[in-house]
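Inspection log for the structure reproduced underneath, given as structure tokens.
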Amino acid sequence: MKFVRVNMTHKTIRVEDVPPEYAGLGGRGLTSIMINREVPPDCDPLGPENKLIFAPGFLTGTTLVNTSRISVGAKSPLTGGIKESNAGGTIGASLGHLGITAIIVEGQAAEGDLSLLRIDAQGEASLIPAPEFRGMRTYTLVEKLLAAYGEKNSIMCIGPAGEYQLASASIQSTDVDGHPCRAAARGGMGAVMAAKGLKALVVDQRGKSADAIADPAAFKEATKVVVEAVKADHMSAEVMPALGTAALVAPVNAMGAFPSYNATRGQLEGWEKISGEAMAEIIKERGGNPTHRGCDQCMIHCSNIYVDKDGKFITGSLEYETIWATGGMTGITDLDVIAQLDHLCDDIGLDTMNTGVAVAVAMDAGYRKFGDAEAAIAMVEEIGKGTEFGRILGNGPAAVGEHFNHPRVPAVKRQSIAAYDPRGMLGNGVTFATSPMGADHTAGNVVGAYLERKLDPLNPEGQVETSRFLQIAMAAYDCMGQCFMASVALLHPEGFGAFKKLIEAKAGVQLEEDYFPFGMGIRILKAEKEFNRKAGLTKKDDRLPRFFYEEPLPPHNKVFVISDQELDSVLDF
Amino acid sequence: MFWISSEMKVKVRLFGALRVHVSDYDPSEGLLVEIPPGAAVKDLLAHLGISETRGAVVIAQGRTMEANDRLRDGEPVDVFQTIRGGR
């Protein structure tokens, strides 16, 4: 349990034991509470006062399955508020195996100065000048770094979009095959990393100094409960391995809530061609892998390897939100084009969601036509090249809307919505509006309640309560390093009880009965809300864009009807 | 028992991991299922041999249907497996 504090101004590294005020925290809980405590809320997100925190989950590095997630936190240059961006891959586990609770990047390197942070198998951290990697895209960068430092390394890095300090810039994370196709994508964390003068983290995977477990027997017992719950869940055990998250295309479209053509319709013409079912068939036919293990310690295998007609790798794990943003929103129904756009975003270091939606807003504004695949690819390439328009596009949908004076911008706190239209799934609109992160698909995604018929997606009743419960539960799970797929299989008292026991067994403490998820989740959300308030965000920022209240969405022809007062009550703890 | 001459015909499309267990399933055609008039969603799922543990959900006309909702002759339905949101 140690912090690695890296000061980019002075090029110094200090390793310290985790101080008591951060005890028992990991992942989003650690990044958010630390940002609220240590980062001046009014600071420039791209200045020296901001801190970029890499924190694996509290249980990452243990033997628990599905726990190789890492949280990346900072003040966001996109939203102007607090941000936790969550990535899979291998680096979470690598840091966990070294007993590193967080890497905290502080200060700012001199302009033009670029470094990488290397952490070896003994946990020794060093800053290494990296001017030769300036402007390099992530696939080439990772190839060079793995050649230099060895295959047994995990990498998080930025591409050109980060170096241009664009608000949609991601931090890419290597998967088990060493492809930089996992991403801490949301909120412009890549821009913050670039502003620090850091191009990459290179962490050895062979660490053997993980935190000790206080009560290994109890830990093992609680682990069994988690494994059994994940195995028994048809989503994690059957649907995810077969189709991955792309399985959502068909049902969300069928429910009329698949925002299409820049959220002007709830169903996409030609959706069958970009469904999870179609994707799995294409991948199988071509000899790719529809059931791929993307992250360390994963037992779900929701990932996939998408290949071209000759069986050559195009991208790793084509995901639902990406297919929607670059496909549904743009009217592009060719999976090969979508896969190429996904690859481009990963390579340039971009959030596929913010980027796809930015392209869609430009199309809606008349800049190009919906469905124009060549135009979409050319536009994303412009971001990579750093052209004037590319920089507007790379700052996301709100920037594009401002450029074209186009009001239909499906974003909250300047972050694009996800693949669930608030008019067809009211509760997702509640989460988009009120999450301290901006519109977000993992912070409290209500889609499951609709498919399970626990809630009517078009009836306001119960939406606020469900969003609130999920936002609390997901905030708590985001601290554990556990992936979303496993977390949603554990949204019940048995799952919560198992996690309380896991925390107790690791830390050797006794927790209050409702600590997980309620005590922990609410503590995190309060810290995030407090930071946002101090950073100048107001209730007006917890609203959906006007058009969701005014333009009925076909086929149900409904508008968003949750009142401002109800929205203000969601996280009013 | 089966003196009713005209069974109800329901066009069914399968999604998620449900179709892999139906041999020769053609995604573009779906299945034409013949079931007694007045059959409900739960009868259709039983007819298809889809157990409750697989989280099946039937959607027709943009709305999710309850287990006891009756199907209508000729109305196409889609059968999905529930999912709780993904990245």
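Residue numbering restarts at 1 for every chain of the structure tokens, chains are lettered A, B, ... in their displayed order, and ligands are numbered from 1 as they appear.
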* **Distance-based interface of chain B with chain A, 12 Å, counting only C-alpha atoms, as a ChimeraX atom specification** => /B:13-20,26-28,51-67,76-87
Give me the residues within 8 Å of Thr79 in chain A as a PDB file with all heavy atoms, in the first residue's frame, counting only C-alpha atoms and dropping any in the same chain fewer than 4 places off.
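So result-v1.pdb came out as:
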```
ATOM      1  N   GLY A 187     -13.484  12.235 -20.785  1.00  0.00           N
ATOM      2  CA  GLY A 187     -13.143  13.420 -20.002  1.00  0.00           C
ATOM      3  C   GLY A 187     -11.800  14.061 -20.290  1.00  0.00           C
ATOM      4  O   GLY A 187     -11.374  14.956 -19.566  1.00  0.00           O
ATOM      5  N   LYS A 413     -22.587  18.386 -19.503  1.00  0.00           N
ATOM      6  CA  LYS A 413     -21.286  18.866 -19.020  1.00  0.00           C
ATOM      7  C   LYS A 413     -20.239  18.695 -20.131  1.00  0.00           C
ATOM      8  O   LYS A 413     -19.094  18.324 -19.881  1.00  0.00           O
ATOM      9  CB  LYS A 413     -20.867  18.143 -17.732  1.00  0.00           C
ATOM     10  CG  LYS A 413     -21.866  18.328 -16.568  1.00  0.00           C
ATOM     11  CD  LYS A 413     -21.445  17.559 -15.317  1.00  0.00           C
ATOM     12  CE  LYS A 413     -22.423  17.704 -14.181  1.00  0.00           C
ATOM     13  NZ  LYS A 413     -23.741  17.055 -14.380  1.00  0.00           N
ATOM     14  N   ARG A 414     -20.672  18.887 -21.335  1.00  0.00           N
ATOM     15  CA  ARG A 414     -19.881  18.811 -22.574  1.00  0.00           C
ATOM     16  C   ARG A 414     -19.447  17.392 -22.927  1.00  0.00           C
ATOM     17  O   ARG A 414     -18.750  17.177 -23.916  1.00  0.00           O
ATOM     18  CB  ARG A 414     -18.657  19.755 -22.524  1.00  0.00           C
ATOM     19  CG  ARG A 414     -19.047  21.212 -22.371  1.00  0.00           C
ATOM     20  CD  ARG A 414     -17.829  22.123 -22.314  1.00  0.00           C
ATOM     21  NE  ARG A 414     -17.211  22.344 -23.609  1.00  0.00           N
ATOM     22  CZ  ARG A 414     -17.623  23.230 -24.507  1.00  0.00           C
ATOM     23  NH1 ARG A 414     -18.677  23.977 -24.269  1.00  0.00           N
ATOM     24  NH2 ARG A 414     -16.983  23.377 -25.667  1.00  0.00           N
ATOM     25  N   GLN A 415     -19.831  16.419 -22.138  1.00  0.00           N
ATOM     26  CA  GLN A 415     -19.485  15.030 -22.454  1.00  0.00           C
ATOM     27  C   GLN A 415     -20.673  14.367 -23.163  1.00  0.00           C
ATOM     28  O   GLN A 415     -21.808  14.459 -22.684  1.00  0.00           O
ATOM     29  CB  GLN A 415     -19.141  14.276 -21.171  1.00  0.00           C
ATOM     30  CG  GLN A 415     -18.799  12.794 -21.421  1.00  0.00           C
ATOM     31  CD  GLN A 415     -18.091  12.141 -20.247  1.00  0.00           C
ATOM     32  OE1 GLN A 415     -16.905  12.380 -20.019  1.00  0.00           O
ATOM     33  NE2 GLN A 415     -18.797  11.350 -19.489  1.00  0.00           N
ATOM     34  N   MET A 437     -19.906  13.036 -13.357  1.00  0.00           N
ATOM     35  CA  MET A 437     -18.961  12.814 -14.454  1.00  0.00           C
ATOM     36  C   MET A 437     -19.405  13.431 -15.765  1.00  0.00           C
ATOM     37  O   MET A 437     -18.676  13.410 -16.737  1.00  0.00           O
ATOM     38  CB  MET A 437     -18.784  11.306 -14.684  1.00  0.00           C
ATOM     39  CG  MET A 437     -18.198  10.573 -13.514  1.00  0.00           C
ATOM     40  SD  MET A 437     -16.546  11.184 -13.170  1.00  0.00           S
ATOM     41  CE  MET A 437     -16.481  10.930 -11.406  1.00  0.00           C
ATOM     42  N   GLY A 438     -20.646  13.918 -15.851  1.00  0.00           N
ATOM     43  CA  GLY A 438     -21.224  14.245 -17.148  1.00  0.00           C
ATOM     44  C   GLY A 438     -21.936  13.007 -17.663  1.00  0.00           C
ATOM     45  O   GLY A 438     -21.980  11.983 -16.975  1.00  0.00           O
TER      46      GLY A 438
END
```
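Neighbours of Gln471 in chain A closer than or equal to 8 Å, with only C-alpha atoms counted and sequence neighbours fewer than 3 positions away skipped, come out as Thr431, Ser435, Ala443, Gly444, Ser467, Arg468, Met474, Ala475 and Gly521 of chain A.
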Once DSSP has gone over the backbone, tell me which residues of chain B are in helix (DSSP H, G or I), as a tab-separated table (two decimals) with N, CA, C and O atoms, in the first residue's frame.
```
chain	number	residue	atom	x	y	z
B	19	ARG	N	-30.02	-17.93	-30.41
B	19	ARG	CA	-30.18	-18.55	-31.73
B	19	ARG	C	-29.20	-19.70	-31.96
B	19	ARG	O	-29.46	-20.54	-32.81
B	20	VAL	N	-28.12	-19.74	-31.21
B	20	VAL	CA	-27.12	-20.78	-31.48
B	20	VAL	C	-27.67	-22.18	-31.20
B	20	VAL	O	-27.15	-23.17	-31.70
B	21	HIS	N	-28.76	-22.27	-30.43
B	21	HIS	CA	-29.29	-23.59	-30.10
B	21	HIS	C	-30.39	-24.03	-31.07
B	21	HIS	O	-30.94	-25.10	-30.94
B	41	VAL	N	-46.74	-14.93	-23.76
B	41	VAL	CA	-45.29	-14.88	-23.91
B	41	VAL	C	-44.63	-16.10	-23.27
B	41	VAL	O	-43.74	-16.73	-23.86
B	42	LYS	N	-45.08	-16.46	-22.08
B	42	LYS	CA	-44.45	-17.60	-21.38
B	42	LYS	C	-44.65	-18.90	-22.15
B	42	LYS	O	-43.79	-19.79	-22.15
B	43	ASP	N	-45.80	-19.04	-22.85
B	43	ASP	CA	-46.04	-20.24	-23.65
B	43	ASP	C	-45.07	-20.30	-24.83
B	43	ASP	O	-44.58	-21.36	-25.19
B	44	LEU	N	-44.86	-19.13	-25.42
B	44	LEU	CA	-43.93	-19.08	-26.55
B	44	LEU	C	-42.52	-19.50	-26.10
B	44	LEU	O	-41.85	-20.31	-26.76
B	45	LEU	N	-42.09	-18.96	-24.96
B	45	LEU	CA	-40.74	-19.30	-24.47
B	45	LEU	C	-40.64	-20.79	-24.14
B	45	LEU	O	-39.63	-21.44	-24.45
B	46	ALA	N	-41.72	-21.34	-23.57
B	46	ALA	CA	-41.73	-22.78	-23.27
B	46	ALA	C	-41.66	-23.58	-24.57
B	46	ALA	O	-40.92	-24.55	-24.69
B	47	HIS	N	-42.45	-23.13	-25.56
B	47	HIS	CA	-42.46	-23.79	-26.86
B	47	HIS	C	-41.06	-23.80	-27.48
B	47	HIS	O	-40.64	-24.77	-28.10
B	48	LEU	N	-40.35	-22.69	-27.30
B	48	LEU	CA	-39.00	-22.57	-27.88
B	48	LEU	C	-37.95	-23.28	-27.02
B	48	LEU	O	-36.79	-23.37	-27.40
B	52	GLU	N	-36.08	-20.22	-17.98
B	52	GLU	CA	-36.15	-18.93	-17.29
B	52	GLU	C	-34.80	-18.38	-16.90
B	52	GLU	O	-34.60	-17.17	-16.80
B	53	THR	N	-33.85	-19.28	-16.68
B	53	THR	CA	-32.53	-18.82	-16.20
B	53	THR	C	-31.76	-18.07	-17.27
B	53	THR	O	-30.72	-17.48	-16.98
B	54	ARG	N	-32.26	-18.08	-18.49
B	54	ARG	CA	-31.50	-17.43	-19.55
B	54	ARG	C	-31.92	-15.99	-19.80
B	54	ARG	O	-31.46	-15.36	-20.75
```
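The gap separating CA of Gly386 in chain A from CA of Val203 in chain A is 29.3 Å, in Å to one decimal.
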* State, in Å with one decimal place, the distance from CA of Ile103 in chain A to CA of Val412 in chain A. =>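 So the answer is 29.0 Å.
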* To do: Would you kindly return, as a PyMOL selection string, each protein, DNA or RNA residue with an atom no farther than 12 Å from any atom of range 377-379 of chain A, considering only C-alpha atoms and excluding same-chain residues fewer than 4 positions away?
  => chain A and resi 326-327+330+332+336-345+355-356+358-360+362-363+367-368+371-373+383-394+400
* Of the candidates B:Val22, B:Leu32, B:Ala39, B:Ile50, which shows the shortest atom-to-atom distance to Arg72 in chain B, using only C-alpha atoms? ->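 Once distances to Arg72 in chain B are computed over only C-alpha atoms, the minimum belongs to B:Ala39.
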* Members of range 24-69 of chain B assigned strand (DSSP E or B) by DSSP, as an MDAnalysis selection string -> chainID B and resid 31:35 40 56:60 63:64
Go ahead and save the residues from that selection, with N, CA, C and O atoms, as a PDB file, in the first residue's frame.
```
ATOM      1  N   LEU B  31     -38.016 -17.370 -37.261  1.00  0.00           N
ATOM      2  CA  LEU B  31     -38.774 -18.622 -37.182  1.00  0.00           C
ATOM      3  C   LEU B  31     -40.259 -18.322 -37.329  1.00  0.00           C
ATOM      4  O   LEU B  31     -40.731 -17.289 -36.853  1.00  0.00           O
ATOM      5  N   LEU B  32     -40.988 -19.224 -37.963  1.00  0.00           N
ATOM      6  CA  LEU B  32     -42.439 -19.099 -37.960  1.00  0.00           C
ATOM      7  C   LEU B  32     -42.958 -20.157 -36.985  1.00  0.00           C
ATOM      8  O   LEU B  32     -42.861 -21.353 -37.243  1.00  0.00           O
ATOM      9  N   VAL B  33     -43.450 -19.676 -35.852  1.00  0.00           N
ATOM     10  CA  VAL B  33     -43.854 -20.602 -34.792  1.00  0.00           C
ATOM     11  C   VAL B  33     -45.373 -20.742 -34.794  1.00  0.00           C
ATOM     12  O   VAL B  33     -46.090 -19.739 -34.853  1.00  0.00           O
ATOM     13  N   GLU B  34     -45.840 -21.975 -34.743  1.00  0.00           N
ATOM     14  CA  GLU B  34     -47.284 -22.208 -34.662  1.00  0.00           C
ATOM     15  C   GLU B  34     -47.639 -22.601 -33.240  1.00  0.00           C
ATOM     16  O   GLU B  34     -47.135 -23.595 -32.714  1.00  0.00           O
ATOM     17  N   ILE B  35     -48.460 -21.798 -32.623  1.00  0.00           N
ATOM     18  CA  ILE B  35     -48.887 -22.080 -31.243  1.00  0.00           C
ATOM     19  C   ILE B  35     -50.388 -21.831 -31.129  1.00  0.00           C
ATOM     20  O   ILE B  35     -50.958 -21.133 -31.962  1.00  0.00           O
ATOM     21  N   ALA B  40     -49.627 -17.054 -24.536  1.00  0.00           N
ATOM     22  CA  ALA B  40     -48.950 -15.905 -23.933  1.00  0.00           C
ATOM     23  C   ALA B  40     -47.443 -16.004 -24.169  1.00  0.00           C
ATOM     24  O   ALA B  40     -46.947 -17.020 -24.672  1.00  0.00           O
ATOM     25  N   ALA B  56     -34.673 -14.434 -20.829  1.00  0.00           N
ATOM     26  CA  ALA B  56     -35.303 -14.049 -22.094  1.00  0.00           C
ATOM     27  C   ALA B  56     -36.285 -12.908 -21.882  1.00  0.00           C
ATOM     28  O   ALA B  56     -36.994 -12.856 -20.868  1.00  0.00           O
ATOM     29  N   VAL B  57     -36.325 -11.999 -22.843  1.00  0.00           N
ATOM     30  CA  VAL B  57     -37.287 -10.907 -22.818  1.00  0.00           C
ATOM     31  C   VAL B  57     -37.843 -10.743 -24.232  1.00  0.00           C
ATOM     32  O   VAL B  57     -37.094 -10.766 -25.202  1.00  0.00           O
ATOM     33  N   VAL B  58     -39.164 -10.626 -24.301  1.00  0.00           N
ATOM     34  CA  VAL B  58     -39.811 -10.502 -25.607  1.00  0.00           C
ATOM     35  C   VAL B  58     -40.192  -9.040 -25.830  1.00  0.00           C
ATOM     36  O   VAL B  58     -40.780  -8.397 -24.945  1.00  0.00           O
ATOM     37  N   ILE B  59     -39.840  -8.541 -27.000  1.00  0.00           N
ATOM     38  CA  ILE B  59     -40.172  -7.155 -27.343  1.00  0.00           C
ATOM     39  C   ILE B  59     -40.985  -7.154 -28.637  1.00  0.00           C
ATOM     40  O   ILE B  59     -40.601  -7.794 -29.619  1.00  0.00           O
ATOM     41  N   ALA B  60     -42.114  -6.477 -28.585  1.00  0.00           N
ATOM     42  CA  ALA B  60     -42.920  -6.299 -29.786  1.00  0.00           C
ATOM     43  C   ALA B  60     -43.371  -4.853 -29.854  1.00  0.00           C
ATOM     44  O   ALA B  60     -43.713  -4.259 -28.821  1.00  0.00           O
ATOM     45  N   ARG B  63     -42.057  -2.357 -27.290  1.00  0.00           N
ATOM     46  CA  ARG B  63     -42.329  -2.466 -25.855  1.00  0.00           C
ATOM     47  C   ARG B  63     -41.989  -3.864 -25.357  1.00  0.00           C
ATOM     48  O   ARG B  63     -42.257  -4.854 -26.031  1.00  0.00           O
ATOM     49  N   THR B  64     -41.432  -3.926 -24.154  1.00  0.00           N
ATOM     50  CA  THR B  64     -41.161  -5.233 -23.549  1.00  0.00           C
ATOM     51  C   THR B  64     -42.485  -5.831 -23.086  1.00  0.00           C
ATOM     52  O   THR B  64     -43.377  -5.119 -22.626  1.00  0.00           O
TER      53      THR B  64
END
```
